[in-house]
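Printed here is my_file_37.cif (mmCIF, C-alpha atoms and all ligand atoms; chains and numbers go by the auth columns):
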data_query
#
loop_
_atom_site.group_PDB
_atom_site.id
_atom_site.type_symbol
_atom_site.label_atom_id
_atom_site.label_comp_id
_atom_site.label_asym_id
_atom_site.label_seq_id
_atom_site.Cartn_x
_atom_site.Cartn_y
_atom_site.Cartn_z
_atom_site.B_iso_or_equiv
_atom_site.auth_seq_id
_atom_site.auth_asym_id
ATOM 1 C CA MET A 1 -4.617 -57.490 52.063 0.00 1 A
ATOM 2 C CA THR A 2 -1.059 -58.569 51.217 0.00 2 A
ATOM 3 C CA ILE A 3 0.204 -57.410 47.826 0.00 3 A
ATOM 4 C CA LYS A 4 2.612 -59.918 46.333 0.00 4 A
ATOM 5 C CA ARG A 5 5.972 -58.513 45.256 0.00 5 A
ATOM 6 C CA ARG A 6 7.238 -59.874 41.976 0.00 6 A
ATOM 7 C CA ILE A 7 10.652 -59.695 40.323 0.00 7 A
ATOM 8 C CA THR A 8 10.590 -57.257 37.411 0.00 8 A
ATOM 9 C CA ALA A 9 12.410 -57.439 34.083 0.00 9 A
ATOM 10 C CA ASP A 10 14.472 -54.333 34.985 0.00 10 A
ATOM 11 C CA GLU A 11 15.535 -56.013 38.206 0.00 11 A
ATOM 12 C CA ARG A 12 16.628 -59.190 36.417 0.00 12 A
ATOM 13 C CA LEU A 13 18.575 -57.160 33.855 0.00 13 A
ATOM 14 C CA LEU A 14 20.454 -55.150 36.493 0.00 14 A
ATOM 15 C CA ASP A 15 20.931 -57.945 39.021 0.00 15 A
ATOM 16 C CA VAL A 16 24.598 -58.556 39.883 0.00 16 A
ATOM 17 C CA ALA A 17 23.988 -61.682 41.960 0.00 17 A
ATOM 18 C CA HIS A 18 23.153 -64.039 39.100 0.00 18 A
ATOM 19 C CA ARG A 19 25.913 -63.343 36.566 0.00 19 A
ATOM 20 C CA GLU A 20 26.068 -66.972 35.370 0.00 20 A
ATOM 21 C CA GLU A 21 22.370 -67.066 34.600 0.00 21 A
ATOM 22 C CA TRP A 22 22.741 -63.716 32.793 0.00 22 A
ATOM 23 C CA LYS A 23 25.485 -65.100 30.518 0.00 23 A
ATOM 24 C CA GLN A 24 23.153 -67.841 29.342 0.00 24 A
ATOM 25 C CA LYS A 25 20.185 -65.585 28.813 0.00 25 A
ATOM 26 C CA ALA A 26 21.758 -62.314 27.665 0.00 26 A
ATOM 27 C CA ALA A 27 20.903 -62.744 24.007 0.00 27 A
ATOM 28 C CA TRP A 28 17.264 -63.481 24.794 0.00 28 A
ATOM 29 C CA ARG A 29 17.065 -60.455 27.026 0.00 29 A
ATOM 30 C CA VAL A 30 18.465 -58.220 24.302 0.00 30 A
ATOM 31 C CA MET A 31 15.782 -59.550 21.966 0.00 31 A
ATOM 32 C CA LYS A 32 13.135 -58.842 24.570 0.00 32 A
ATOM 33 C CA ILE A 33 14.392 -55.251 24.825 0.00 33 A
ATOM 34 C CA GLN A 34 14.399 -54.992 21.047 0.00 34 A
ATOM 35 C CA ALA A 35 10.824 -56.307 20.915 0.00 35 A
ATOM 36 C CA GLU A 36 9.758 -53.699 23.418 0.00 36 A
ATOM 37 C CA PHE A 37 11.214 -50.926 21.232 0.00 37 A
ATOM 38 C CA VAL A 38 9.496 -52.359 18.142 0.00 38 A
ATOM 39 C CA GLU A 39 6.121 -52.634 19.859 0.00 39 A
ATOM 40 C CA GLY A 40 6.427 -49.124 21.281 0.00 40 A
ATOM 41 C CA PHE A 41 7.354 -47.540 17.966 0.00 41 A
ATOM 42 C CA ASP A 42 4.714 -49.533 16.043 0.00 42 A
ATOM 43 C CA THR A 43 1.903 -48.653 18.428 0.00 43 A
ATOM 44 C CA LEU A 44 2.771 -44.989 18.729 0.00 44 A
ATOM 45 C CA GLU A 45 3.363 -44.497 15.001 0.00 45 A
ATOM 46 C CA ALA A 46 -0.014 -46.131 14.279 0.00 46 A
ATOM 47 C CA ALA A 47 -1.643 -43.896 16.918 0.00 47 A
ATOM 48 C CA GLU A 48 -0.841 -40.770 14.849 0.00 48 A
ATOM 49 C CA LEU A 49 -0.617 -38.594 17.953 0.00 49 A
ATOM 50 C CA GLY A 50 0.321 -35.405 16.120 0.00 50 A
ATOM 51 C CA ASN A 51 1.778 -32.906 18.560 0.00 51 A
ATOM 52 C CA ALA A 52 1.839 -34.485 21.993 0.00 52 A
ATOM 53 C CA VAL A 53 2.906 -33.212 25.401 0.00 53 A
ATOM 54 C CA GLY A 54 4.431 -35.532 27.969 0.00 54 A
ATOM 55 C CA VAL A 55 3.093 -34.905 31.464 0.00 55 A
ATOM 56 C CA TYR A 56 5.136 -36.130 34.410 0.00 56 A
ATOM 57 C CA GLY A 57 3.960 -36.058 38.011 0.00 57 A
ATOM 58 C CA SER A 58 3.495 -37.930 41.252 0.00 58 A
ATOM 59 C CA ALA A 59 1.881 -41.353 41.395 0.00 59 A
ATOM 60 C CA ARG A 60 0.809 -40.413 44.929 0.00 60 A
ATOM 61 C CA THR A 61 -1.296 -37.318 44.210 0.00 61 A
ATOM 62 C CA GLY A 62 -4.653 -37.906 45.911 0.00 62 A
ATOM 63 C CA VAL A 63 -7.834 -37.723 43.835 0.00 63 A
ATOM 64 C CA ASP A 64 -9.488 -35.355 46.306 0.00 64 A
ATOM 65 C CA GLY A 65 -6.856 -32.623 46.374 0.00 65 A
ATOM 66 C CA ASP A 66 -6.215 -29.425 44.432 0.00 66 A
ATOM 67 C CA GLU A 67 -3.164 -30.916 42.724 0.00 67 A
ATOM 68 C CA TYR A 68 -5.319 -33.584 41.110 0.00 68 A
ATOM 69 C CA LYS A 69 -7.724 -30.874 39.885 0.00 69 A
ATOM 70 C CA LEU A 70 -4.727 -28.960 38.528 0.00 70 A
ATOM 71 C CA GLY A 71 -3.657 -32.087 36.616 0.00 71 A
ATOM 72 C CA ILE A 72 -7.123 -32.503 35.087 0.00 72 A
ATOM 73 C CA GLU A 73 -7.156 -28.850 34.115 0.00 73 A
ATOM 74 C CA LEU A 74 -3.705 -29.113 32.555 0.00 74 A
ATOM 75 C CA GLY A 75 -4.680 -32.199 30.515 0.00 75 A
ATOM 76 C CA ARG A 76 -7.880 -30.497 29.376 0.00 76 A
ATOM 77 C CA LYS A 77 -6.164 -27.246 28.387 0.00 77 A
ATOM 78 C CA LEU A 78 -3.461 -29.133 26.486 0.00 78 A
ATOM 79 C CA GLY A 79 -6.213 -31.074 24.716 0.00 79 A
ATOM 80 C CA GLU A 80 -8.141 -27.927 23.843 0.00 80 A
ATOM 81 C CA ALA A 81 -4.940 -26.517 22.351 0.00 81 A
ATOM 82 C CA GLY A 82 -4.777 -29.596 20.096 0.00 82 A
ATOM 83 C CA PHE A 83 -2.144 -31.641 21.922 0.00 83 A
ATOM 84 C CA SER A 84 -2.379 -35.340 22.628 0.00 84 A
ATOM 85 C CA VAL A 85 -1.298 -36.139 26.190 0.00 85 A
ATOM 86 C CA ILE A 86 1.245 -38.809 27.155 0.00 86 A
ATOM 87 C CA THR A 87 1.718 -39.914 30.771 0.00 87 A
ATOM 88 C CA GLY A 88 3.100 -42.884 32.648 0.00 88 A
ATOM 89 C CA GLY A 89 -0.455 -44.242 32.732 0.00 89 A
ATOM 90 C CA GLY A 90 -0.391 -44.683 36.501 0.00 90 A
ATOM 91 C CA PRO A 91 -2.437 -43.159 39.314 0.00 91 A
ATOM 92 C CA GLY A 92 -2.223 -39.645 40.813 0.00 92 A
ATOM 93 C CA ALA A 93 -1.041 -36.791 38.626 0.00 93 A
ATOM 94 C CA MET A 94 -0.752 -39.119 35.607 0.00 94 A
ATOM 95 C CA GLU A 95 -4.378 -40.143 35.954 0.00 95 A
ATOM 96 C CA ALA A 96 -5.444 -36.522 36.366 0.00 96 A
ATOM 97 C CA ALA A 97 -3.703 -35.427 33.156 0.00 97 A
ATOM 98 C CA ASN A 98 -5.106 -38.409 31.220 0.00 98 A
ATOM 99 C CA ARG A 99 -8.549 -37.572 32.576 0.00 99 A
ATOM 100 C CA GLY A 100 -8.316 -33.963 31.394 0.00 100 A
ATOM 101 C CA ALA A 101 -7.160 -35.108 27.963 0.00 101 A
ATOM 102 C CA ALA A 102 -10.056 -37.561 27.729 0.00 102 A
ATOM 103 C CA ASP A 103 -12.476 -34.761 28.737 0.00 103 A
ATOM 104 C CA ALA A 104 -11.082 -32.637 25.901 0.00 104 A
ATOM 105 C CA GLY A 105 -11.534 -35.535 23.454 0.00 105 A
ATOM 106 C CA VAL A 106 -7.882 -35.855 22.451 0.00 106 A
ATOM 107 C CA LYS A 107 -5.684 -38.921 22.455 0.00 107 A
ATOM 108 C CA SER A 108 -4.764 -39.923 25.987 0.00 108 A
ATOM 109 C CA VAL A 109 -1.716 -42.168 26.117 0.00 109 A
ATOM 110 C CA GLY A 110 -0.443 -44.236 29.052 0.00 110 A
ATOM 111 C CA LEU A 111 3.074 -45.638 28.922 0.00 111 A
ATOM 112 C CA GLY A 112 2.636 -48.199 31.687 0.00 112 A
ATOM 113 C CA ILE A 113 5.550 -49.786 33.505 0.00 113 A
ATOM 114 C CA GLU A 114 5.893 -53.166 35.162 0.00 114 A
ATOM 115 C CA LEU A 115 6.544 -52.596 38.867 0.00 115 A
ATOM 116 C CA PRO A 116 7.127 -55.005 41.758 0.00 116 A
ATOM 117 C CA PHE A 117 3.697 -54.069 43.109 0.00 117 A
ATOM 118 C CA GLU A 118 1.066 -54.042 40.389 0.00 118 A
ATOM 119 C CA GLN A 119 -0.709 -50.669 40.055 0.00 119 A
ATOM 120 C CA GLY A 120 -2.680 -51.046 36.859 0.00 120 A
ATOM 121 C CA ILE A 121 -3.269 -48.474 34.154 0.00 121 A
ATOM 122 C CA ASN A 122 -5.651 -45.627 34.948 0.00 122 A
ATOM 123 C CA PRO A 123 -9.102 -45.703 33.317 0.00 123 A
ATOM 124 C CA TYR A 124 -8.623 -42.455 31.340 0.00 124 A
ATOM 125 C CA VAL A 125 -6.023 -43.907 28.984 0.00 125 A
ATOM 126 C CA ASP A 126 -7.191 -44.839 25.509 0.00 126 A
ATOM 127 C CA ILE A 127 -3.828 -45.805 23.996 0.00 127 A
ATOM 128 C CA GLN A 128 -1.970 -48.113 26.330 0.00 128 A
ATOM 129 C CA LEU A 129 1.488 -49.635 26.254 0.00 129 A
ATOM 130 C CA ASP A 130 3.049 -51.769 28.972 0.00 130 A
ATOM 131 C CA PHE A 131 6.808 -51.684 29.340 0.00 131 A
ATOM 132 C CA HIS A 132 9.159 -53.924 31.263 0.00 132 A
ATOM 133 C CA TYR A 133 12.104 -51.537 31.012 0.00 133 A
ATOM 134 C CA PHE A 134 12.103 -47.955 32.283 0.00 134 A
ATOM 135 C CA PHE A 135 14.751 -46.919 29.766 0.00 135 A
ATOM 136 C CA VAL A 136 12.736 -48.136 26.743 0.00 136 A
ATOM 137 C CA ARG A 137 9.677 -46.312 28.022 0.00 137 A
ATOM 138 C CA LYS A 138 11.677 -43.102 28.463 0.00 138 A
ATOM 139 C CA VAL A 139 12.691 -43.219 24.804 0.00 139 A
ATOM 140 C CA MET A 140 8.988 -43.327 23.872 0.00 140 A
ATOM 141 C CA PHE A 141 8.234 -40.266 25.999 0.00 141 A
ATOM 142 C CA LEU A 142 11.029 -38.365 24.322 0.00 142 A
ATOM 143 C CA LYS A 143 10.377 -39.486 20.777 0.00 143 A
ATOM 144 C CA TYR A 144 6.631 -38.794 20.759 0.00 144 A
ATOM 145 C CA SER A 145 6.399 -35.593 22.813 0.00 145 A
ATOM 146 C CA CYS A 146 7.175 -32.089 21.594 0.00 146 A
ATOM 147 C CA GLY A 147 7.262 -30.629 25.097 0.00 147 A
ATOM 148 C CA PHE A 148 6.989 -31.604 28.750 0.00 148 A
ATOM 149 C CA CYS A 149 5.054 -30.419 31.771 0.00 149 A
ATOM 150 C CA ALA A 150 6.013 -31.607 35.236 0.00 150 A
ATOM 151 C CA LEU A 151 3.409 -31.497 37.967 0.00 151 A
ATOM 152 C CA PRO A 152 4.649 -31.872 41.551 0.00 152 A
ATOM 153 C CA GLY A 153 6.258 -35.276 41.905 0.00 153 A
ATOM 154 C CA GLY A 154 8.925 -37.390 43.530 0.00 154 A
ATOM 155 C CA TYR A 155 11.968 -39.345 42.336 0.00 155 A
ATOM 156 C CA GLY A 156 10.218 -40.767 39.258 0.00 156 A
ATOM 157 C CA THR A 157 9.173 -37.300 38.128 0.00 157 A
ATOM 158 C CA MET A 158 12.654 -35.957 38.872 0.00 158 A
ATOM 159 C CA ASP A 159 14.259 -38.729 36.837 0.00 159 A
ATOM 160 C CA GLU A 160 12.054 -38.030 33.822 0.00 160 A
ATOM 161 C CA LEU A 161 12.441 -34.284 34.157 0.00 161 A
ATOM 162 C CA PHE A 162 16.236 -34.354 34.345 0.00 162 A
ATOM 163 C CA GLU A 163 16.532 -36.878 31.516 0.00 163 A
ATOM 164 C CA SER A 164 14.552 -34.474 29.296 0.00 164 A
ATOM 165 C CA LEU A 165 16.531 -31.489 30.540 0.00 165 A
ATOM 166 C CA THR A 166 19.908 -33.154 29.966 0.00 166 A
ATOM 167 C CA LEU A 167 19.000 -34.026 26.385 0.00 167 A
ATOM 168 C CA VAL A 168 17.996 -30.422 25.660 0.00 168 A
ATOM 169 C CA GLN A 169 21.043 -28.992 27.457 0.00 169 A
ATOM 170 C CA THR A 170 23.435 -31.216 25.539 0.00 170 A
ATOM 171 C CA GLU A 171 21.573 -30.570 22.275 0.00 171 A
ATOM 172 C CA LYS A 172 20.979 -34.271 21.721 0.00 172 A
ATOM 173 C CA VAL A 173 17.412 -33.241 20.933 0.00 173 A
ATOM 174 C CA GLY A 174 15.936 -29.980 19.647 0.00 174 A
ATOM 175 C CA LYS A 175 14.926 -27.367 22.166 0.00 175 A
ATOM 176 C CA PHE A 176 11.635 -28.735 23.337 0.00 176 A
ATOM 177 C CA PRO A 177 9.891 -26.657 25.984 0.00 177 A
ATOM 178 C CA ILE A 178 9.757 -27.816 29.598 0.00 178 A
ATOM 179 C CA ALA A 179 7.378 -26.322 32.159 0.00 179 A
ATOM 180 C CA LEU A 180 7.324 -26.941 35.897 0.00 180 A
ATOM 181 C CA ILE A 181 3.801 -26.412 37.181 0.00 181 A
ATOM 182 C CA GLY A 182 3.651 -25.088 40.742 0.00 182 A
ATOM 183 C CA VAL A 183 5.876 -22.206 41.842 0.00 183 A
ATOM 184 C CA ASP A 184 5.676 -23.169 45.520 0.00 184 A
ATOM 185 C CA TYR A 185 6.652 -26.753 44.816 0.00 185 A
ATOM 186 C CA TRP A 186 9.393 -26.225 42.231 0.00 186 A
ATOM 187 C CA GLY A 187 10.686 -22.792 43.274 0.00 187 A
ATOM 188 C CA GLY A 188 13.102 -24.229 45.850 0.00 188 A
ATOM 189 C CA LEU A 189 14.653 -26.599 43.330 0.00 189 A
ATOM 190 C CA VAL A 190 15.187 -23.855 40.754 0.00 190 A
ATOM 191 C CA GLU A 191 16.606 -21.565 43.432 0.00 191 A
ATOM 192 C CA TRP A 192 19.053 -24.352 44.348 0.00 192 A
ATOM 193 C CA LEU A 193 20.041 -24.807 40.690 0.00 193 A
ATOM 194 C CA ARG A 194 21.018 -21.113 40.697 0.00 194 A
ATOM 195 C CA SER A 195 22.570 -20.885 44.139 0.00 195 A
ATOM 196 C CA ALA A 196 24.548 -24.125 43.923 0.00 196 A
ATOM 197 C CA MET A 197 24.884 -25.447 40.360 0.00 197 A
ATOM 198 C CA VAL A 198 25.297 -22.106 38.586 0.00 198 A
ATOM 199 C CA ARG A 199 27.344 -20.550 41.368 0.00 199 A
ATOM 200 C CA GLU A 200 29.718 -23.525 41.440 0.00 200 A
ATOM 201 C CA GLY A 201 29.986 -23.507 37.641 0.00 201 A
ATOM 202 C CA LYS A 202 28.351 -26.916 37.152 0.00 202 A
ATOM 203 C CA ILE A 203 25.775 -25.524 34.733 0.00 203 A
ATOM 204 C CA SER A 204 25.511 -22.225 32.894 0.00 204 A
ATOM 205 C CA PRO A 205 22.961 -19.522 33.866 0.00 205 A
ATOM 206 C CA ASP A 206 21.203 -20.192 30.546 0.00 206 A
ATOM 207 C CA ASP A 207 20.666 -23.832 31.504 0.00 207 A
ATOM 208 C CA VAL A 208 18.269 -22.719 34.250 0.00 208 A
ATOM 209 C CA ASN A 209 16.317 -20.782 31.636 0.00 209 A
ATOM 210 C CA LEU A 210 15.454 -24.075 29.949 0.00 210 A
ATOM 211 C CA LEU A 211 12.789 -24.387 32.647 0.00 211 A
ATOM 212 C CA LEU A 212 9.608 -22.326 32.814 0.00 212 A
ATOM 213 C CA VAL A 213 8.251 -22.319 36.378 0.00 213 A
ATOM 214 C CA THR A 214 4.641 -21.228 36.578 0.00 214 A
ATOM 215 C CA ASP A 215 1.268 -21.559 38.276 0.00 215 A
ATOM 216 C CA ASP A 216 -0.474 -20.340 35.147 0.00 216 A
ATOM 217 C CA LEU A 217 -1.646 -23.270 33.026 0.00 217 A
ATOM 218 C CA ASP A 218 -2.356 -21.042 30.029 0.00 218 A
ATOM 219 C CA GLU A 219 1.240 -19.840 30.147 0.00 219 A
ATOM 220 C CA ALA A 220 2.432 -23.449 30.300 0.00 220 A
ATOM 221 C CA VAL A 221 0.275 -24.413 27.300 0.00 221 A
ATOM 222 C CA GLU A 222 1.532 -21.380 25.325 0.00 222 A
ATOM 223 C CA HIS A 223 5.067 -22.487 26.175 0.00 223 A
ATOM 224 C CA MET A 224 4.338 -25.998 24.867 0.00 224 A
ATOM 225 C CA LYS A 225 3.248 -24.487 21.530 0.00 225 A
ATOM 226 C CA ARG A 226 6.873 -23.465 20.951 0.00 226 A
ATOM 227 C CA GLY A 227 7.674 -27.149 20.500 0.00 227 A
ATOM 228 C CA ARG A 228 5.045 -27.726 17.803 0.00 228 A
ATOM 229 C CA GLU A 229 6.101 -28.738 14.324 0.00 229 A
HETATM 230 C C1 LIG B . 4.969 -46.263 43.429 0.00 1 B
HETATM 231 C C2 LIG B . 3.518 -46.012 43.201 0.00 1 B
HETATM 232 C C3 LIG B . 2.877 -46.151 42.031 0.00 1 B
HETATM 233 C C4 LIG B . 3.628 -46.552 40.823 0.00 1 B
HETATM 234 N N1 LIG B . 2.887 -46.446 39.602 0.00 1 B
HETATM 235 C C5 LIG B . 3.395 -45.898 38.493 0.00 1 B
HETATM 236 N N2 LIG B . 2.781 -46.154 37.342 0.00 1 B
HETATM 237 C C6 LIG B . 3.245 -45.577 36.204 0.00 1 B
HETATM 238 N N3 LIG B . 4.292 -44.713 36.175 0.00 1 B
HETATM 239 C C7 LIG B . 4.913 -44.461 37.313 0.00 1 B
HETATM 240 C C8 LIG B . 4.528 -45.053 38.509 0.00 1 B
HETATM 241 N N4 LIG B . 5.356 -44.624 39.478 0.00 1 B
HETATM 242 C C9 LIG B . 6.230 -43.800 38.894 0.00 1 B
HETATM 243 N N5 LIG B . 5.966 -43.661 37.601 0.00 1 B
HETATM 244 C C10 LIG B . 6.686 -42.764 36.654 0.00 1 B
HETATM 245 O O1 LIG B . 7.439 -41.805 37.408 0.00 1 B
HETATM 246 C C11 LIG B . 6.677 -40.599 37.585 0.00 1 B
HETATM 247 C C12 LIG B . 6.055 -40.565 38.964 0.00 1 B
HETATM 248 O O2 LIG B . 7.004 -40.923 39.942 0.00 1 B
HETATM 249 P P1 LIG B . 6.953 -40.200 41.368 0.00 1 B
HETATM 250 O O3 LIG B . 8.111 -40.757 42.105 0.00 1 B
HETATM 251 O O4 LIG B . 5.641 -40.541 41.977 0.00 1 B
HETATM 252 O O5 LIG B . 7.097 -38.739 41.098 0.00 1 B
HETATM 253 C C13 LIG B . 5.555 -40.595 36.583 0.00 1 B
HETATM 254 O O6 LIG B . 5.644 -39.484 35.692 0.00 1 B
HETATM 255 C C14 LIG B . 5.672 -41.931 35.859 0.00 1 B
HETATM 256 O O7 LIG B . 6.032 -41.823 34.528 0.00 1 B
HETATM 257 C C15 LIG B . 2.723 -45.553 44.398 0.00 1 B
HETATM 258 O O8 LIG B . 3.380 -44.505 45.023 0.00 1 B
#
If you convert what's in this file into structure tokens, what do you get?
Ligand SMILES: C/C(=C\CNc1ncnc2c1ncn2[C@@H]1O[C@H](COP(=O)(O)O)[C@@H](O)[C@H]1O)CO
Amino acid sequence: MTIKRRITADERLLDVAHREEWKQKAAWRVMKIQAEFVEGFDTLEAAELGNAVGVYGSARTGVDGDEYKLGIELGRKLGEAGFSVITGGGPGAMEAANRGAADAGVKSVGLGIELPFEQGINPYVDIQLDFHYFFVRKVMFLKYSCGFCALPGGYGTMDELFESLTLVQTEKVGKFPIALIGVDYWGGLVEWLRSAMVREGKISPDDVNLLLVTDDLDEAVEHMKRGRE
């Protein structure tokens, strides 16, 4: 089966090849971005999520593996502790966390994103939003979550993780807790933060302490409680 690639809104916005077309349409695009913010805020305010945890993680995590089970367990434990769960609404680790949240009977949010190859929202989401722009969607994650858990993931997970981390480090947001689930997976990264970034003076030793690295889901959930209102 051939999957058709389509041009996304992000791609059109960032495209340098069609500057003339951009000049004519810039105002409309700004309004489209504005509309996406308004819809996001309206939907998520109306959803009354209470304390919610954002869960990041790989779109490629297979449904048959232990990592998927870990994601379900994390979503369920967060739910049992009274948190709503917000993910990217996609497959893999996102689906697992939404599934666990649905099992626990709490609100299970999917912040979907338009991609060149359509993926569709996972079936365990009960509050769904579909974004054209990654940056608008990221604002929603940050505004409606009081803490973040990152399951093993790739560039997308890294992007979301470091966006959250930078905002905490620079005190643009309060100190919300961030947990990296999976010592084997994340240990090397944290070691590198110490051996390269701290050693070279690019970050302070305390900046590394903004991350809890653990295999223990109960510890991660307890850590998330520090972000509760
Ligand atoms: C590229 C693939 C599937 C894409 N589907 C996605 N749907 C929703 N959200 C996504 C998707 N891909 C990335 N994200 C966001 O980034 C994180 C996962 O990225 P990673 O590179 O897989 O770590 C995730 O938290 C989402 O918010 C098929 O591979």
Around ligand LIG 1 (chain B), with edges along x, y and z and 3 Å added on all six sides, what centre and edge lengths do you get, in Å to one decimal, as JSON?
{"center_x": 5.4, "center_y": -42.6, "center_z": 39.8, "size_x": 11.4, "size_y": 13.8, "size_z": 16.5}
Exercise answer, 9 Å around ligand LIG 1 (chain B) with all atoms listed in the file, as a ChimeraX atom specification: /A:54-61,87-94,110-115,117-122,134,137-138,141,150-161
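Relative to CA of Phe176 in chain A, CA of Arg199 in chain A is found at 25.3 Å.
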Residues at most 10 Å from Asp184 in chain A, counting all atoms listed in the file, excluding those fewer than 5 positions away in the same chain, as an mmCIF file with C-alpha atoms, in the frame of the given file?
data_model
loop_
_atom_site.group_PDB
_atom_site.id
_atom_site.type_symbol
_atom_site.label_atom_id
_atom_site.label_comp_id
_atom_site.auth_asym_id
_atom_site.auth_seq_id
_atom_site.Cartn_x
_atom_site.Cartn_y
_atom_site.Cartn_z
ATOM 1 C CA PRO A 152 4.649 -31.872 41.551
ATOM 2 C CA LEU A 189 14.653 -26.599 43.330
ATOM 3 C CA VAL A 213 8.251 -22.319 36.378
ATOM 4 C CA THR A 214 4.641 -21.228 36.578
ATOM 5 C CA ASP A 215 1.268 -21.559 38.276
#
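Atom pair CA of Arg226 in chain A / CA of Lys175 in chain A has a distance of 9.0 Å (rounded to one decimal).
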Explicit residue set for the PyMOL selection byres (((chain A and resi 166) around 12) and not hetatm), as a PyMOL selection string: chain A and resi 142+158-165+167-176+178+203+207-208+210-211
Polymer residues at most 10 Å from Leu193 in chain A, only C-alpha atoms, same-chain spacing of 2 or more positions, as a ChimeraX atom specification: /A:187-191,195-200,202-205,207-208
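The gap separating CA of Ala102 in chain A from CA of Trp186 in chain A is 26.8 Å, in Å to one decimal.
The list of residues with at least one atom within 6 Å of Val106 in chain A, based on only C-alpha atoms and without residues fewer than 3 positions apart in the same chain, reads Gly79, Ser84, Ala101 and Ala102 of chain A.
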Hits of the PyMOL selection byres (((chain A and resi 109) around 7) and not hetatm) in this structure, as JSON, numbers by chain: {"A": [85, 86, 87, 107, 108, 110, 111, 125, 126, 127, 128]}
